[in-house]
file model.cif (mmCIF, C-alpha atoms and all ligand atoms)
data_coords
loop_
_atom_site.label_atom_id
_atom_site.label_comp_id
_atom_site.auth_asym_id
_atom_site.auth_seq_id
_atom_site.Cartn_x
_atom_site.Cartn_y
_atom_site.Cartn_z
CA MET A 1 103.14 -152.53 26.74
CA SER A 2 103.57 -156.25 26.26
CA ARG A 3 105.71 -158.88 27.95
CA PHE A 4 106.02 -160.76 24.62
CA GLU A 5 109.28 -159.72 22.92
CA THR A 6 109.04 -162.13 19.98
CA VAL A 7 105.71 -163.09 18.45
CA LEU A 8 105.09 -165.52 15.57
CA ILE A 9 101.77 -165.21 13.73
CA THR A 10 100.38 -167.46 11.01
CA GLY A 11 98.01 -166.18 8.32
CA ALA A 12 99.55 -162.76 8.92
CA ASN A 13 98.85 -161.15 5.55
CA ARG A 14 95.20 -160.11 6.08
CA GLY A 15 92.34 -160.03 8.54
CA ILE A 16 92.95 -160.70 12.22
CA GLY A 17 96.50 -161.97 11.60
CA LEU A 18 97.53 -158.70 9.95
CA ALA A 19 95.99 -156.74 12.83
CA PHE A 20 98.11 -158.80 15.25
CA VAL A 21 101.23 -157.89 13.23
CA LYS A 22 100.30 -154.19 13.40
CA HIS A 23 99.60 -154.42 17.14
CA TYR A 24 102.89 -156.02 18.16
CA SER A 25 105.08 -154.18 15.64
CA GLY A 26 103.48 -150.96 16.92
CA LEU A 27 104.91 -151.90 20.33
CA ALA A 28 108.32 -152.43 18.66
CA LYS A 29 108.22 -156.18 19.30
CA ARG A 30 109.91 -158.65 16.98
CA VAL A 31 107.16 -160.06 14.75
CA ILE A 32 107.67 -163.14 12.61
CA ALA A 33 104.81 -162.73 10.17
CA CYS A 34 104.06 -165.96 8.35
CA CYS A 35 102.00 -166.13 5.18
CA ARG A 36 101.73 -168.59 2.34
CA VAL A 37 102.35 -166.21 -0.59
CA PRO A 38 104.66 -163.36 0.54
CA GLU A 39 104.83 -161.88 -2.97
CA HIS A 40 101.12 -161.02 -2.71
CA ALA A 41 101.33 -159.68 0.85
CA ASN A 42 101.52 -155.99 -0.02
CA GLU A 43 100.43 -154.63 3.37
CA LEU A 44 102.93 -156.85 5.16
CA HIS A 45 105.73 -155.64 2.88
CA SER A 46 104.83 -152.02 3.63
CA LEU A 47 104.95 -152.80 7.34
CA GLU A 48 108.28 -154.59 6.96
CA ALA A 49 109.70 -151.59 5.09
CA SER A 50 108.62 -149.12 7.79
CA CYS A 51 109.26 -151.33 10.80
CA PRO A 52 112.55 -153.23 11.10
CA SER A 53 111.14 -155.58 13.76
CA VAL A 54 108.83 -157.27 11.22
CA GLU A 55 110.15 -160.32 9.35
CA ILE A 56 108.10 -162.10 6.69
CA HIS A 57 108.31 -165.89 6.41
CA THR A 58 106.72 -168.22 3.91
CA LEU A 59 104.41 -170.72 5.58
CA ASP A 60 101.55 -172.68 4.12
CA VAL A 61 100.40 -174.20 7.40
CA THR A 62 99.49 -177.48 5.68
CA ASP A 63 102.99 -177.96 4.24
CA ASN A 64 105.06 -180.19 6.52
CA LYS A 65 108.32 -179.28 4.76
CA GLN A 66 107.67 -175.59 5.35
CA ILE A 67 106.89 -176.28 9.03
CA GLU A 68 110.18 -178.17 9.30
CA ALA A 69 112.01 -175.29 7.56
CA LEU A 70 110.46 -172.82 10.02
CA LYS A 71 111.63 -174.96 12.93
CA LEU A 72 115.19 -175.03 11.53
CA ALA A 73 115.19 -171.30 10.74
CA PHE A 74 114.44 -170.43 14.38
CA ASN A 75 116.39 -173.21 16.04
CA GLY A 76 117.62 -172.04 19.46
CA GLN A 77 115.73 -168.74 19.34
CA VAL A 78 113.18 -167.64 21.92
CA ILE A 79 109.57 -167.26 20.80
CA ASP A 80 107.36 -165.81 23.53
CA LEU A 81 104.01 -165.98 21.77
CA LEU A 82 102.79 -168.17 18.91
CA VAL A 83 99.46 -167.13 17.43
CA ASN A 84 98.08 -169.98 15.32
CA ASN A 85 95.68 -167.69 13.48
CA ALA A 86 95.47 -169.09 9.92
CA GLY A 87 92.10 -170.66 9.29
CA ILE A 88 89.48 -171.30 6.65
CA TYR A 89 85.71 -171.52 6.80
CA GLY A 90 85.40 -174.06 4.00
CA PRO A 91 82.51 -174.39 1.65
CA LYS A 92 79.21 -172.68 2.46
CA GLN A 93 77.24 -175.52 0.98
CA ASN A 94 73.96 -177.13 1.87
CA GLU A 95 74.29 -179.63 4.73
CA SER A 96 72.98 -182.35 2.41
CA GLN A 97 75.95 -181.81 0.06
CA LEU A 98 78.84 -182.21 2.49
CA ASP A 99 82.03 -182.92 0.55
CA LYS A 100 84.55 -185.24 2.22
CA ALA A 101 87.58 -183.82 0.41
CA LEU A 102 86.71 -180.24 1.37
CA TRP A 103 85.93 -181.30 4.93
CA SER A 104 89.39 -182.93 5.19
CA GLN A 105 91.02 -179.79 3.81
CA VAL A 106 89.37 -177.66 6.52
CA PHE A 107 90.59 -180.10 9.17
CA GLU A 108 94.15 -179.90 7.79
CA VAL A 109 94.22 -176.11 8.13
CA ASN A 110 92.11 -175.59 11.27
CA VAL A 111 92.99 -178.63 13.39
CA MET A 112 96.16 -180.43 12.32
CA ALA A 113 98.25 -177.39 11.40
CA PRO A 114 98.03 -175.48 14.71
CA ILE A 115 98.93 -178.61 16.68
CA LEU A 116 101.83 -179.56 14.39
CA ILE A 117 103.19 -175.99 14.34
CA GLY A 118 102.90 -175.80 18.13
CA ARG A 119 104.81 -179.04 18.42
CA ALA A 120 107.48 -177.89 15.94
CA LEU A 121 108.08 -174.63 17.86
CA SER A 122 107.63 -175.98 21.40
CA LYS A 123 111.38 -175.78 22.19
CA ASN A 124 111.39 -172.10 21.18
CA LEU A 125 108.40 -171.37 23.42
CA ALA A 126 109.97 -173.33 26.26
CA LEU A 127 112.97 -170.94 26.12
CA SER A 128 110.66 -168.04 27.00
CA PRO A 129 110.04 -167.16 30.67
CA HIS A 130 106.33 -167.06 29.78
CA GLY A 131 105.78 -168.94 26.51
CA VAL A 132 102.19 -168.80 25.28
CA ILE A 133 100.50 -170.54 22.37
CA ALA A 134 97.17 -169.06 21.27
CA ASN A 135 95.13 -171.22 18.92
CA MET A 136 92.44 -169.23 17.13
CA SER A 137 89.21 -171.11 17.60
CA SER A 138 85.64 -169.86 17.26
CA LYS A 139 82.49 -169.77 19.32
CA MET A 140 81.09 -171.81 16.43
CA GLY A 141 83.18 -174.69 17.79
CA SER A 142 81.30 -174.54 21.08
CA ILE A 143 78.76 -177.37 21.17
CA THR A 144 76.98 -175.66 24.07
CA ASP A 145 76.62 -172.46 22.04
CA ASN A 146 75.24 -174.18 18.92
CA GLY A 147 71.60 -173.15 18.87
CA SER A 148 71.10 -172.83 15.13
CA GLY A 149 72.71 -175.89 13.51
CA GLY A 150 74.39 -175.80 10.09
CA ALA A 151 78.05 -175.08 9.27
CA SER A 152 79.00 -178.67 10.18
CA ILE A 153 82.41 -178.48 8.54
CA TYR A 154 83.61 -175.29 10.22
CA ARG A 155 81.94 -176.08 13.55
CA SER A 156 83.40 -179.58 13.75
CA SER A 157 86.88 -178.32 12.81
CA LYS A 158 86.92 -175.77 15.63
CA ALA A 159 85.43 -178.27 18.12
CA ALA A 160 88.20 -180.71 17.15
CA LEU A 161 90.78 -177.94 17.50
CA ASN A 162 89.47 -177.30 21.01
CA ALA A 163 89.77 -180.98 21.94
CA ALA A 164 93.25 -181.37 20.45
CA THR A 165 94.45 -178.12 22.01
CA LYS A 166 93.28 -179.18 25.46
CA SER A 167 95.48 -182.28 25.20
CA PHE A 168 98.36 -180.25 23.75
CA ALA A 169 98.07 -177.80 26.65
CA LEU A 170 98.25 -180.57 29.25
CA ASP A 171 101.04 -182.40 27.39
CA HIS A 172 103.25 -179.28 27.13
CA ALA A 173 102.61 -177.63 30.49
CA GLY A 174 105.72 -179.36 31.86
CA LEU A 175 107.84 -177.32 29.42
CA GLY A 176 106.48 -174.12 30.95
CA ILE A 177 104.26 -173.41 27.93
CA THR A 178 100.72 -172.15 28.46
CA THR A 179 98.32 -172.93 25.62
CA VAL A 180 94.92 -171.28 25.24
CA LEU A 181 92.07 -171.14 22.73
CA LEU A 182 90.66 -167.80 21.63
CA HIS A 183 87.44 -166.57 20.06
CA PRO A 184 88.10 -163.23 18.34
CA GLY A 185 84.47 -162.07 18.26
CA TRP A 186 82.51 -161.73 15.02
CA VAL A 187 85.06 -159.69 13.12
CA GLN A 188 84.93 -157.66 9.89
CA THR A 189 87.32 -159.64 7.69
CA ASP A 190 87.02 -161.60 4.46
CA MET A 191 85.80 -164.51 6.60
CA GLY A 192 83.57 -162.56 8.99
CA GLY A 193 82.04 -160.37 6.28
CA GLN A 194 81.12 -156.71 6.43
CA ASN A 195 78.08 -157.22 8.71
CA ALA A 196 80.29 -158.50 11.50
CA LEU A 197 80.05 -156.72 14.85
CA ILE A 198 83.61 -155.52 15.47
CA ASN A 199 86.67 -154.50 13.49
CA THR A 200 90.06 -156.22 13.62
CA GLN A 201 91.60 -153.54 15.88
CA THR A 202 88.90 -154.02 18.55
CA SER A 203 89.30 -157.79 18.35
CA VAL A 204 93.08 -157.74 18.62
CA LYS A 205 93.05 -155.13 21.38
CA GLY A 206 90.82 -157.46 23.43
CA LEU A 207 92.72 -160.63 22.53
CA SER A 208 96.11 -159.08 23.34
CA GLU A 209 94.82 -157.97 26.74
CA VAL A 210 93.61 -161.52 27.39
CA LEU A 211 97.02 -162.87 26.37
CA GLU A 212 98.88 -160.54 28.75
CA GLN A 213 96.90 -162.13 31.64
CA VAL A 214 97.58 -165.72 30.61
CA ASN A 215 99.54 -167.81 33.10
CA ALA A 216 99.78 -171.49 34.02
CA SER A 217 96.43 -171.38 35.83
CA LYS A 218 94.74 -170.54 32.48
CA ASN A 219 96.29 -173.47 30.60
CA GLY A 220 93.86 -175.18 28.22
CA HIS A 221 91.09 -172.59 28.66
CA PHE A 222 88.90 -171.14 25.89
CA TYR A 223 88.53 -167.35 26.02
CA ASN A 224 86.39 -164.78 24.25
CA TYR A 225 88.14 -161.56 23.18
CA ASP A 226 86.49 -159.81 26.15
CA GLY A 227 88.19 -162.20 28.58
CA ASN A 228 85.12 -164.31 29.40
CA LEU A 229 85.42 -168.09 29.33
CA ILE A 230 83.50 -169.87 26.56
CA PRO A 231 81.82 -173.20 27.38
CA TRP A 232 82.88 -176.26 25.41
N1 LIG B 301 86.32 -163.21 11.32
C1 LIG B 301 85.59 -163.78 12.26
O1 LIG B 301 84.46 -163.31 12.58
C2 LIG B 301 86.11 -164.98 13.01
C3 LIG B 301 85.29 -165.50 14.04
C4 LIG B 301 85.77 -166.60 14.76
C5 LIG B 301 86.99 -167.15 14.48
N2 LIG B 301 87.75 -166.64 13.47
C6 LIG B 301 89.06 -167.28 13.23
O2 LIG B 301 90.08 -166.30 13.25
C7 LIG B 301 91.15 -166.69 12.35
C8 LIG B 301 91.44 -165.55 11.37
O3 LIG B 301 90.23 -165.30 10.66
P1 LIG B 301 90.02 -164.04 9.71
O4 LIG B 301 88.64 -163.59 9.92
O5 LIG B 301 91.17 -163.08 9.83
O6 LIG B 301 90.08 -164.80 8.30
P2 LIG B 301 90.50 -164.30 6.83
O7 LIG B 301 90.32 -162.83 6.72
O8 LIG B 301 89.78 -165.19 5.89
O9 LIG B 301 92.06 -164.63 6.80
C9 LIG B 301 92.48 -165.97 6.92
C10 LIG B 301 93.99 -166.01 6.97
O10 LIG B 301 94.38 -167.38 7.06
C11 LIG B 301 95.32 -167.63 6.04
N3 LIG B 301 95.33 -169.03 5.60
C12 LIG B 301 94.31 -169.80 5.17
N4 LIG B 301 94.77 -171.01 4.80
C13 LIG B 301 96.11 -171.00 4.99
C14 LIG B 301 97.16 -171.93 4.78
N5 LIG B 301 96.94 -173.16 4.30
N6 LIG B 301 98.42 -171.56 5.12
C15 LIG B 301 98.69 -170.35 5.60
N7 LIG B 301 97.75 -169.40 5.79
C16 LIG B 301 96.47 -169.73 5.50
C17 LIG B 301 94.91 -166.70 4.90
O11 LIG B 301 95.98 -166.59 3.98
P3 LIG B 301 95.71 -166.32 2.38
O12 LIG B 301 95.56 -164.83 2.24
O13 LIG B 301 96.95 -166.86 1.74
O14 LIG B 301 94.47 -167.07 2.01
C18 LIG B 301 94.64 -165.45 5.69
O15 LIG B 301 95.83 -164.80 6.03
C19 LIG B 301 90.68 -167.99 11.69
O16 LIG B 301 91.25 -169.08 12.36
C20 LIG B 301 89.17 -167.96 11.89
O17 LIG B 301 88.60 -169.26 11.88
C21 LIG B 301 87.34 -165.58 12.74
#

call {"tool": "encode", "arguments": {"input": "model.cif", "output": "structure tokens", "more": "lines below"}}
Ligand SMILES: NC(=O)c1ccc[n+]([C@@H]2O[C@H](COP(=O)([O-])OP(=O)(O)OC[C@H]3O[C@@H](n4cnc5c(N)ncnc54)[C@H](OP(=O)(O)O)[C@@H]3O)[C@@H](O)[C@H]2O)c1
result
Amino acid sequence: MSRFETVLITGANRGIGLAFVKHYSGLAKRVIACCRVPEHANELHSLEASCPSVEIHTLDVTDNKQIEALKLAFNGQVIDLLVNNAGIYGPKQNESQLDKALWSQVFEVNVMAPILIGRALSKNLALSPHGVIANMSSKMGSITDNGSGGASIYRSSKAALNAATKSFALDHAGLGITTVLLHPGWVQTDMGGQNALINTQTSVKGLSEVLEQVNASKNGHFYNYDGNLIPW
């Protein structure tokens, strides 16, 4: 059961994004599955073939023209849930070798893209009786939770996403859109690695339950996949 009839997911070809596609298509919801190279998205194509409610769209989240094309393609259509899932970890380099170009690239994907995509699709979400935007953050963006240091690029990108999303949430509440930040757990994906604690199904089961409970009183909050609030 889900109240979200149309769901748009970025980075939908693998990892947590693909698990979201499977979850909502399994409930026969319309899923707009966005990925940057559809011709390589074999699992998505299999899903699309077996499930008519799945539609694949090309979206490199850093490409402004593709964001504009997405906006035009869905002009006037209701989107109930936008999951800004696409993200990158960036280089796992020594903290003394931080690279400005790579740092900027991580910010483009993890910070700027979710906000710009949310803005581009805000009219679609406003058409929903309960439009929700979920920006995929990470506990690693929590400054309170940082007890080990390191990972400055990824940590700072998710902390910046949290800050920008809080403003977005307040700025768009008047349209009836609720915007939240999510931590998916430490998940077995290409990013999380095989030693991670949970699989993508467990993560998405938890996250989707959290999303069903989201209402205006939760606007701008940062949730773990188990429903607990995460400190900034
Ligand atoms: N796994 C974890 O333990 C964990 C923990 C906390 C937060 N997260 C967050 O959860 C989200 C999903 O992570 P994951 O573990 O599923 O990662 P993943 O397995 O590495 O998958 C990342 C996804 O993002 C897409 N992506 C990257 N750059 C993109 C771009 N420029 N345009 C469009 N798509 C792009 C990738 O597409 P390609 O296949 O084309 O590269 C892929 O679909 C991320 O935001 C991540 O930061 C993950």

call {"tool": "closest_residue", "arguments": {"input": "model.cif", "among": "A:Ser137, A:Ser157, A:Ser152, A:Ser104", "to": "ligand LIG 301 (chain B)", "atoms": "all atoms listed in the file"}}
result
A:Ser137

call {"tool": "residues_around", "arguments": {"input": "model.cif", "residues": "Ser167 (chain A)", "least_positions_apart": "3", "cutoff": "12 Å", "atoms": "all atoms listed in the file", "output": "number ranges by chain"}}
result
A: 115, 119, 160-164, 170-173, 178-181, 219-221

call {"tool": "atom_distance", "arguments": {"input": "model.cif", "atom1": "CA of Leu229 (chain A)", "atom2": "CA of Ile88 (chain A)"}}
result
23.3 Å

call {"tool": "closest_residue", "arguments": {"input": "model.cif", "among": "A:Pro129, A:Gly185, A:Gly141, A:Pro91", "to": "ligand LIG 301 (chain B)", "atoms": "all atoms listed in the file"}}
result
A:Gly185

call {"tool": "residues_around", "arguments": {"input": "model.cif", "residues": "Gly206 (chain A)", "least_positions_apart": "3", "cutoff": "10 Å", "atoms": "all atoms listed in the file", "output": "PyMOL selection string"}}
result
chain A and resi 184-185+200-203+209-211+224-227

call {"tool": "closest_residue", "arguments": {"input": "model.cif", "among": "A:Pro52, A:Pro38, A:Gly147, A:Pro231", "to": "Asn13 (chain A)", "atoms": "all atoms listed in the file"}}
result
A:Pro38

call {"tool": "atom_distance", "arguments": {"input": "model.cif", "atom1": "atom C1 of ligand LIG 301 (chain B)", "atom2": "CA of Leu70 (chain A)"}}
result
26.6 Å

call {"tool": "residues_near_ligand", "arguments": {"input": "model.cif", "ligand": "ligand LIG 301 (chain B)", "cutoff": "6 Å", "atoms": "all atoms listed in the file", "output": "JSON, numbers by chain"}}
result
{"A": [11, 12, 13, 14, 15, 16, 17, 35, 36, 37, 59, 60, 61, 62, 85, 86, 87, 88, 109, 136, 137, 138, 183, 184, 185, 186, 187, 188, 189, 190, 191, 192]}

call {"tool": "residues_around", "arguments": {"input": "model.cif", "residues": "Phe74 (chain A)", "least_positions_apart": "3", "cutoff": "12 Å", "atoms": "only C-alpha atoms", "output": "PyMOL selection string"}}
result
chain A and resi 6+8+32+57+67-71+77-79+120-125+127

call {"tool": "closest_residue", "arguments": {"input": "model.cif", "among": "A:Tyr154, A:Asp145, A:Asn135, A:Ala41", "to": "Gln93 (chain A)", "atoms": "only C-alpha atoms"}}
result
A:Tyr154

call {"tool": "atom_distance", "arguments": {"input": "model.cif", "atom1": "CA of Ile177 (chain A)", "atom2": "CA of Ile9 (chain A)"}}
result
16.6 Å

call {"tool": "closest_residue", "arguments": {"input": "model.cif", "among": "A:Ala196, A:Ile117, A:Ala151, A:Leu98", "to": "Thr165 (chain A)", "atoms": "all atoms listed in the file"}}
result
A:Ile117

call {"tool": "closest_residue", "arguments": {"input": "model.cif", "among": "A:Ser156, A:Asn199, A:Gln97, A:Ser2", "to": "Glu212 (chain A)", "atoms": "all atoms listed in the file"}}
result
A:Ser2

call {"tool": "residues_around", "arguments": {"input": "model.cif", "residues": "Arg30 (chain A)", "least_positions_apart": "2", "cutoff": "7 Å", "atoms": "all atoms listed in the file", "output": "VMD selection string"}}
result
chain A and resid 5 to 7 25 28 32 53 to 54

call {"tool": "axis_aligned_box", "arguments": {"input": "model.cif", "around": "region 221-230 of chain A", "padding_each_side": "5 Å", "output": "lines of an AutoDock Vina configuration file"}}
result
center_x = 87.3
center_y = -166.2
center_z = 26.3
size_x = 17.6
size_y = 22.8
size_z = 16.2

call {"tool": "build_atoms", "arguments": {"input": "model.cif", "residues": "region 88-99 of chain A", "atoms": "all heavy atoms", "output": "PDB file, in the coordinates of the input"}}
result
ATOM      1  N   ILE A  88      90.427-171.421   7.774  1.00  0.00           N
ATOM      2  CA  ILE A  88      89.480-171.300   6.650  1.00  0.00           C
ATOM      3  C   ILE A  88      88.092-171.733   7.123  1.00  0.00           C
ATOM      4  O   ILE A  88      87.967-172.524   8.059  1.00  0.00           O
ATOM      5  CB  ILE A  88      89.910-172.127   5.407  1.00  0.00           C
ATOM      6  CG1 ILE A  88      90.147-173.605   5.762  1.00  0.00           C
ATOM      7  CG2 ILE A  88      91.162-171.529   4.782  1.00  0.00           C
ATOM      8  CD1 ILE A  88      90.460-174.485   4.539  1.00  0.00           C
ATOM      9  N   TYR A  89      87.102-171.173   6.462  1.00  0.00           N
ATOM     10  CA  TYR A  89      85.710-171.520   6.800  1.00  0.00           C
ATOM     11  C   TYR A  89      85.286-172.773   6.046  1.00  0.00           C
ATOM     12  O   TYR A  89      84.497-173.571   6.543  1.00  0.00           O
ATOM     13  CB  TYR A  89      84.791-170.350   6.438  1.00  0.00           C
ATOM     14  CG  TYR A  89      83.392-170.514   6.985  1.00  0.00           C
ATOM     15  CD1 TYR A  89      83.071-170.073   8.267  1.00  0.00           C
ATOM     16  CD2 TYR A  89      82.398-171.128   6.226  1.00  0.00           C
ATOM     17  CE1 TYR A  89      81.798-170.238   8.782  1.00  0.00           C
ATOM     18  CE2 TYR A  89      81.118-171.301   6.734  1.00  0.00           C
ATOM     19  CZ  TYR A  89      80.819-170.856   8.015  1.00  0.00           C
ATOM     20  OH  TYR A  89      79.560-171.027   8.515  1.00  0.00           O
ATOM     21  N   GLY A  90      85.822-172.927   4.835  1.00  0.00           N
ATOM     22  CA  GLY A  90      85.400-174.060   4.000  1.00  0.00           C
ATOM     23  C   GLY A  90      84.169-173.691   3.221  1.00  0.00           C
ATOM     24  O   GLY A  90      83.719-172.550   3.235  1.00  0.00           O
ATOM     25  N   PRO A  91      83.619-174.677   2.545  1.00  0.00           N
ATOM     26  CA  PRO A  91      82.510-174.390   1.650  1.00  0.00           C
ATOM     27  C   PRO A  91      81.233-174.023   2.390  1.00  0.00           C
ATOM     28  O   PRO A  91      80.921-174.616   3.418  1.00  0.00           O
ATOM     29  CB  PRO A  91      82.320-175.727   0.915  1.00  0.00           C
ATOM     30  CG  PRO A  91      82.849-176.749   1.861  1.00  0.00           C
ATOM     31  CD  PRO A  91      83.969-176.098   2.596  1.00  0.00           C
ATOM     32  N   LYS A  92      80.511-173.032   1.861  1.00  0.00           N
ATOM     33  CA  LYS A  92      79.210-172.680   2.460  1.00  0.00           C
ATOM     34  C   LYS A  92      78.144-173.422   1.675  1.00  0.00           C
ATOM     35  O   LYS A  92      77.372-172.836   0.933  1.00  0.00           O
ATOM     36  CB  LYS A  92      78.997-171.166   2.375  1.00  0.00           C
ATOM     37  CG  LYS A  92      79.886-170.405   3.335  1.00  0.00           C
ATOM     38  CD  LYS A  92      79.564-168.943   3.394  1.00  0.00           C
ATOM     39  CE  LYS A  92      80.408-168.289   4.470  1.00  0.00           C
ATOM     40  NZ  LYS A  92      80.597-166.877   4.357  1.00  0.00           N
ATOM     41  N   GLN A  93      78.174-174.727   1.773  1.00  0.00           N
ATOM     42  CA  GLN A  93      77.240-175.520   0.980  1.00  0.00           C
ATOM     43  C   GLN A  93      76.114-176.059   1.860  1.00  0.00           C
ATOM     44  O   GLN A  93      76.193-176.066   3.078  1.00  0.00           O
ATOM     45  CB  GLN A  93      77.965-176.660   0.263  1.00  0.00           C
ATOM     46  CG  GLN A  93      78.679-177.605   1.201  1.00  0.00           C
ATOM     47  CD  GLN A  93      79.648-178.520   0.465  1.00  0.00           C
ATOM     48  OE1 GLN A  93      80.618-178.971   1.010  1.00  0.00           O
ATOM     49  NE2 GLN A  93      79.360-178.797  -0.794  1.00  0.00           N
ATOM     50  N   ASN A  94      75.085-176.521   1.193  1.00  0.00           N
ATOM     51  CA  ASN A  94      73.960-177.130   1.870  1.00  0.00           C
ATOM     52  C   ASN A  94      74.440-178.348   2.679  1.00  0.00           C
ATOM     53  O   ASN A  94      75.327-179.079   2.242  1.00  0.00           O
ATOM     54  CB  ASN A  94      72.980-177.579   0.757  1.00  0.00           C
ATOM     55  CG  ASN A  94      71.677-178.038   1.318  1.00  0.00           C
ATOM     56  OD1 ASN A  94      71.645-178.978   2.103  1.00  0.00           O
ATOM     57  ND2 ASN A  94      70.613-177.377   0.922  1.00  0.00           N
ATOM     58  N   GLU A  95      73.867-178.520   3.863  1.00  0.00           N
ATOM     59  CA  GLU A  95      74.290-179.630   4.730  1.00  0.00           C
ATOM     60  C   GLU A  95      74.087-180.995   4.071  1.00  0.00           C
ATOM     61  O   GLU A  95      74.713-181.979   4.450  1.00  0.00           O
ATOM     62  CB  GLU A  95      73.523-179.583   6.046  1.00  0.00           C
ATOM     63  CG  GLU A  95      73.902-178.417   6.936  1.00  0.00           C
ATOM     64  CD  GLU A  95      75.311-178.530   7.526  1.00  0.00           C
ATOM     65  OE1 GLU A  95      75.593-179.511   8.218  1.00  0.00           O
ATOM     66  OE2 GLU A  95      76.129-177.624   7.275  1.00  0.00           O
ATOM     67  N   SER A  96      73.197-181.079   3.079  1.00  0.00           N
ATOM     68  CA  SER A  96      72.980-182.350   2.410  1.00  0.00           C
ATOM     69  C   SER A  96      74.029-182.611   1.325  1.00  0.00           C
ATOM     70  O   SER A  96      74.042-183.666   0.703  1.00  0.00           O
ATOM     71  CB  SER A  96      71.578-182.380   1.778  1.00  0.00           C
ATOM     72  OG  SER A  96      71.516-181.389   0.780  1.00  0.00           O
ATOM     73  N   GLN A  97      74.937-181.635   1.127  1.00  0.00           N
ATOM     74  CA  GLN A  97      75.950-181.810   0.060  1.00  0.00           C
ATOM     75  C   GLN A  97      77.356-181.805   0.632  1.00  0.00           C
ATOM     76  O   GLN A  97      78.281-181.301  -0.016  1.00  0.00           O
ATOM     77  CB  GLN A  97      75.835-180.653  -0.933  1.00  0.00           C
ATOM     78  CG  GLN A  97      74.475-180.488  -1.565  1.00  0.00           C
ATOM     79  CD  GLN A  97      74.386-179.157  -2.307  1.00  0.00           C
ATOM     80  OE1 GLN A  97      74.896-178.141  -1.854  1.00  0.00           O
ATOM     81  NE2 GLN A  97      73.759-179.182  -3.466  1.00  0.00           N
ATOM     82  N   LEU A  98      77.520-182.286   1.862  1.00  0.00           N
ATOM     83  CA  LEU A  98      78.840-182.210   2.490  1.00  0.00           C
ATOM     84  C   LEU A  98      79.861-182.999   1.666  1.00  0.00           C
ATOM     85  O   LEU A  98      79.639-184.151   1.316  1.00  0.00           O
ATOM     86  CB  LEU A  98      78.770-182.748   3.920  1.00  0.00           C
ATOM     87  CG  LEU A  98      77.931-181.896   4.879  1.00  0.00           C
ATOM     88  CD1 LEU A  98      77.773-182.591   6.223  1.00  0.00           C
ATOM     89  CD2 LEU A  98      78.567-180.524   5.067  1.00  0.00           C
ATOM     90  N   ASP A  99      81.000-182.345   1.414  1.00  0.00           N
ATOM     91  CA  ASP A  99      82.030-182.920   0.550  1.00  0.00           C
ATOM     92  C   ASP A  99      83.197-183.385   1.420  1.00  0.00           C
ATOM     93  O   ASP A  99      83.793-182.587   2.147  1.00  0.00           O
ATOM     94  CB  ASP A  99      82.470-181.827  -0.429  1.00  0.00           C
ATOM     95  CG  ASP A  99      83.528-182.318  -1.382  1.00  0.00           C
ATOM     96  OD1 ASP A  99      84.664-182.607  -0.937  1.00  0.00           O
ATOM     97  OD2 ASP A  99      83.224-182.396  -2.578  1.00  0.00           O
TER      98      ASP A  99
END
